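K.L.:
One structure, pasted below without further comment.
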Amino acid sequence: MSRGQQNDEDTNAVLFDARNEYYIGNFMGSINFVLPEQGTAGAELLSYMYLSYLAIDSGRIIASDIKEGSSTPLQALRLVHEAFEQPSRCEEVLEKLTDKVAGEEDETNLWHIATAIVYCYDGQFENALKILHGSTNLESMALSVQCLLRLQRVDLAKQLVAKMQEISDDATLTQLAQAWVALAQGTEQMQDAFHIYQEFCEKFKPTPALLNGQAVVHLGLERYEEADAVLRESLIKKHNDYDTLINLMVLSHLTGKPTENITRYLEQLRQFYPKSDFITDLDKKSTEFDRLCLQYDLGGGEEKLLAI
């Protein structure tokens, strides 16, 4: 084997590892696979490091490493960071991204993925699907599955997963997409999702993402002690994990724990994720509830006055 062939195989092995660590939610693991190769790595390998930085809210590293206006396709991830940092600029960022998608060959698929990510971040799931439509790239297809599930189109998500299975049934993303759809389908399919998450925990290592997948299965099947065990394990791995805190709130409610328990998890969510979908939606519902209560009280008062 030539030195060039050996280097290519080493690069492919690092890419495989970095990619899979990112997929299962071991973001520091992905970063650590890429860092030793950073000086010579191509855009595809580096993308998993920068996507992982975005996932752990360290996007400023991207802004530092990737200079504005540079020709690298990694510029797409710099734009994702800008959208995350300044949500008011999403429309401006999306204009730049869609111009790139429309005007250039996207050999790495990064521009398409980045555009879809920002659309999803802005709640525009239909537009994200349009950007990804027709792609046979597993990452684009998996992201499309997530969009369809957010739109409550489990039927279409299931069809897309079947297409992913035809391309590569054993691929990590295909297996994960199967698990997402199984969870969305409900109790009859949930055990299938559990086996996938369990297999990945054994094959790689447990991550909050995989453990929360298991927890949702346990919650759906009313296995509350098992749910509590995996959520506690997830908290050890990341004390303020978003999904873990939400699932602990659900578990506390289902098992009749004191209100103080739920309030404690809610306050942690407010502290660490004040602009998250969960908190934003909860505050909207709370405001609407208060408005309706006030309206009811006023109506009740008027009725009493008329009765007098």
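By order in the structure tokens, chains are A, B, ...; within a chain, residues start at 1; ligands start at 1, following the order shown.
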Let's see if you can do this: from backbone DSSP, list all helix (DSSP H, G or I) residues in stretch 120-205 of chain A, as number ranges by chain.

P.N.:
A: 120-121, 125-132, 138-150, 154-168, 172-185, 187-203

K.L.:
Check which residues of stretch 68-163 of chain A sit at most 9 Å from stretch 176-189 of chain A using only C-alpha atoms, and return one row each with the closest pair of atoms and their distance in Å to one decimal, ordered by chain and rising number, as CSV.

P.N.:
residue,atom,partner,partner_atom,distance
A:Ala142,CA,A:Ala177,CA,6.1
A:Leu143,CA,A:Ala177,CA,9.0
A:Val145,CA,A:Ala177,CA,6.9
A:Gln146,CA,A:Trp180,CA,7.9
A:Leu149,CA,A:Ala184,CA,7.4
A:Gln152,CA,A:Ala184,CA,8.7
A:Val154,CA,A:Val181,CA,6.7
A:Ala157,CA,A:Val181,CA,6.8
A:Lys158,CA,A:Val181,CA,6.4
A:Val161,CA,A:Gln178,CA,6.4
A:Ala162,CA,A:Gln178,CA,8.7

K.L.:
Quick one: write out the picked residues with N, CA, C and O atoms as a PDB file, in the first residue's frame?

P.N.:
ATOM      1  N   ALA A 142     -32.473  12.665   6.114  1.00  0.00           N
ATOM      2  CA  ALA A 142     -32.752  12.593   7.553  1.00  0.00           C
ATOM      3  C   ALA A 142     -33.311  13.917   8.066  1.00  0.00           C
ATOM      4  O   ALA A 142     -34.243  13.934   8.891  1.00  0.00           O
ATOM      5  N   LEU A 143     -32.757  15.010   7.576  1.00  0.00           N
ATOM      6  CA  LEU A 143     -33.260  16.322   7.974  1.00  0.00           C
ATOM      7  C   LEU A 143     -34.684  16.516   7.451  1.00  0.00           C
ATOM      8  O   LEU A 143     -35.538  17.102   8.138  1.00  0.00           O
ATOM      9  N   VAL A 145     -36.842  14.107   7.101  1.00  0.00           N
ATOM     10  CA  VAL A 145     -37.676  13.297   8.002  1.00  0.00           C
ATOM     11  C   VAL A 145     -38.033  14.101   9.253  1.00  0.00           C
ATOM     12  O   VAL A 145     -39.194  14.119   9.691  1.00  0.00           O
ATOM     13  N   GLN A 146     -37.050  14.799   9.805  1.00  0.00           N
ATOM     14  CA  GLN A 146     -37.320  15.617  10.990  1.00  0.00           C
ATOM     15  C   GLN A 146     -38.329  16.720  10.681  1.00  0.00           C
ATOM     16  O   GLN A 146     -39.222  17.000  11.492  1.00  0.00           O
ATOM     17  N   LEU A 149     -41.816  15.248  10.444  1.00  0.00           N
ATOM     18  CA  LEU A 149     -42.344  14.916  11.768  1.00  0.00           C
ATOM     19  C   LEU A 149     -42.806  16.167  12.508  1.00  0.00           C
ATOM     20  O   LEU A 149     -43.823  16.142  13.219  1.00  0.00           O
ATOM     21  N   GLN A 152     -46.157  16.993  11.468  1.00  0.00           N
ATOM     22  CA  GLN A 152     -47.135  15.935  11.754  1.00  0.00           C
ATOM     23  C   GLN A 152     -47.448  15.075  10.533  1.00  0.00           C
ATOM     24  O   GLN A 152     -48.545  14.530  10.405  1.00  0.00           O
ATOM     25  N   VAL A 154     -46.335  12.018   9.545  1.00  0.00           N
ATOM     26  CA  VAL A 154     -45.641  10.763   9.836  1.00  0.00           C
ATOM     27  C   VAL A 154     -45.686   9.837   8.622  1.00  0.00           C
ATOM     28  O   VAL A 154     -44.739   9.098   8.353  1.00  0.00           O
ATOM     29  N   ALA A 157     -42.963  10.867   6.288  1.00  0.00           N
ATOM     30  CA  ALA A 157     -41.673  10.577   6.915  1.00  0.00           C
ATOM     31  C   ALA A 157     -41.358   9.086   6.807  1.00  0.00           C
ATOM     32  O   ALA A 157     -40.216   8.692   6.523  1.00  0.00           O
ATOM     33  N   LYS A 158     -42.367   8.268   6.995  1.00  0.00           N
ATOM     34  CA  LYS A 158     -42.181   6.811   6.895  1.00  0.00           C
ATOM     35  C   LYS A 158     -41.777   6.419   5.480  1.00  0.00           C
ATOM     36  O   LYS A 158     -40.899   5.561   5.296  1.00  0.00           O
ATOM     37  N   VAL A 161     -38.109   7.351   4.960  1.00  0.00           N
ATOM     38  CA  VAL A 161     -37.215   6.405   5.637  1.00  0.00           C
ATOM     39  C   VAL A 161     -37.058   5.132   4.811  1.00  0.00           C
ATOM     40  O   VAL A 161     -35.963   4.570   4.722  1.00  0.00           O
ATOM     41  N   ALA A 162     -38.140   4.681   4.187  1.00  0.00           N
ATOM     42  CA  ALA A 162     -38.065   3.495   3.320  1.00  0.00           C
ATOM     43  C   ALA A 162     -37.078   3.722   2.173  1.00  0.00           C
ATOM     44  O   ALA A 162     -36.327   2.816   1.791  1.00  0.00           O
TER      45      ALA A 162
END

K.L.:
State, in Å with one decimal place, the distance from atom CA of A:Leu210 to atom CA of A:Ser234.

P.N.:
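Going from atom CA of A:Leu210 over to atom CA of A:Ser234, I get 8.9 Å.
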
K.L.:
In Å, rounded to a single decimal, give me how far atom CA of A:Glu21 is from atom CA of A:Leu173.

P.N.:
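Separating atom CA of A:Leu173 from atom CA of A:Glu21 is a distance of 11.2 Å.
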
K.L.:
Which distance in Å separates atom CA of A:Ser252 and atom CA of A:Glu202, to one decimal?

P.N.:
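Computed distance, atom CA of A:Ser252 to atom CA of A:Glu202, equals 27.8 Å.
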
K.L.:
Counting only C-alpha atoms, which of A:Ala41, A:Val216, A:Ala209, A:Val101 gets nearest to A:Leu248?

P.N.:
A:Val216

K.L.:
Can you check which parts of stretch 39-100 of chain A lie within 8 Å of stretch 104-108 of chain A? Per residue, the shortest pair of atoms and distance in Å to one decimal, counting only C-alpha atoms, sorted by chain and number, as a Markdown table.

P.N.:
| residue | atom | partner | partner_atom | distance |
| --- | --- | --- | --- | --- |
| A:Ala43 | CA | A:Thr108 | CA | 7.7 |
| A:Glu44 | CA | A:Thr108 | CA | 6.4 |
| A:Pro73 | CA | A:Thr108 | CA | 7.5 |
| A:Lys100 | CA | A:Glu104 | CA | 5.8 |

K.L.:
Show me, as a count of residues only, the residues that have an atom within 10 Å of A:Asp243 when counting only C-alpha atoms, minus same-chain residues fewer than 4 positions from it.

P.N.:
12

K.L.:
With only C-alpha atoms as the atoms that count, which of A:Thr244, A:Lys238, A:Leu251, A:Tyr22 lies nearest to A:Glu222?

P.N.:
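The closest residue to A:Glu222 is A:Leu251.
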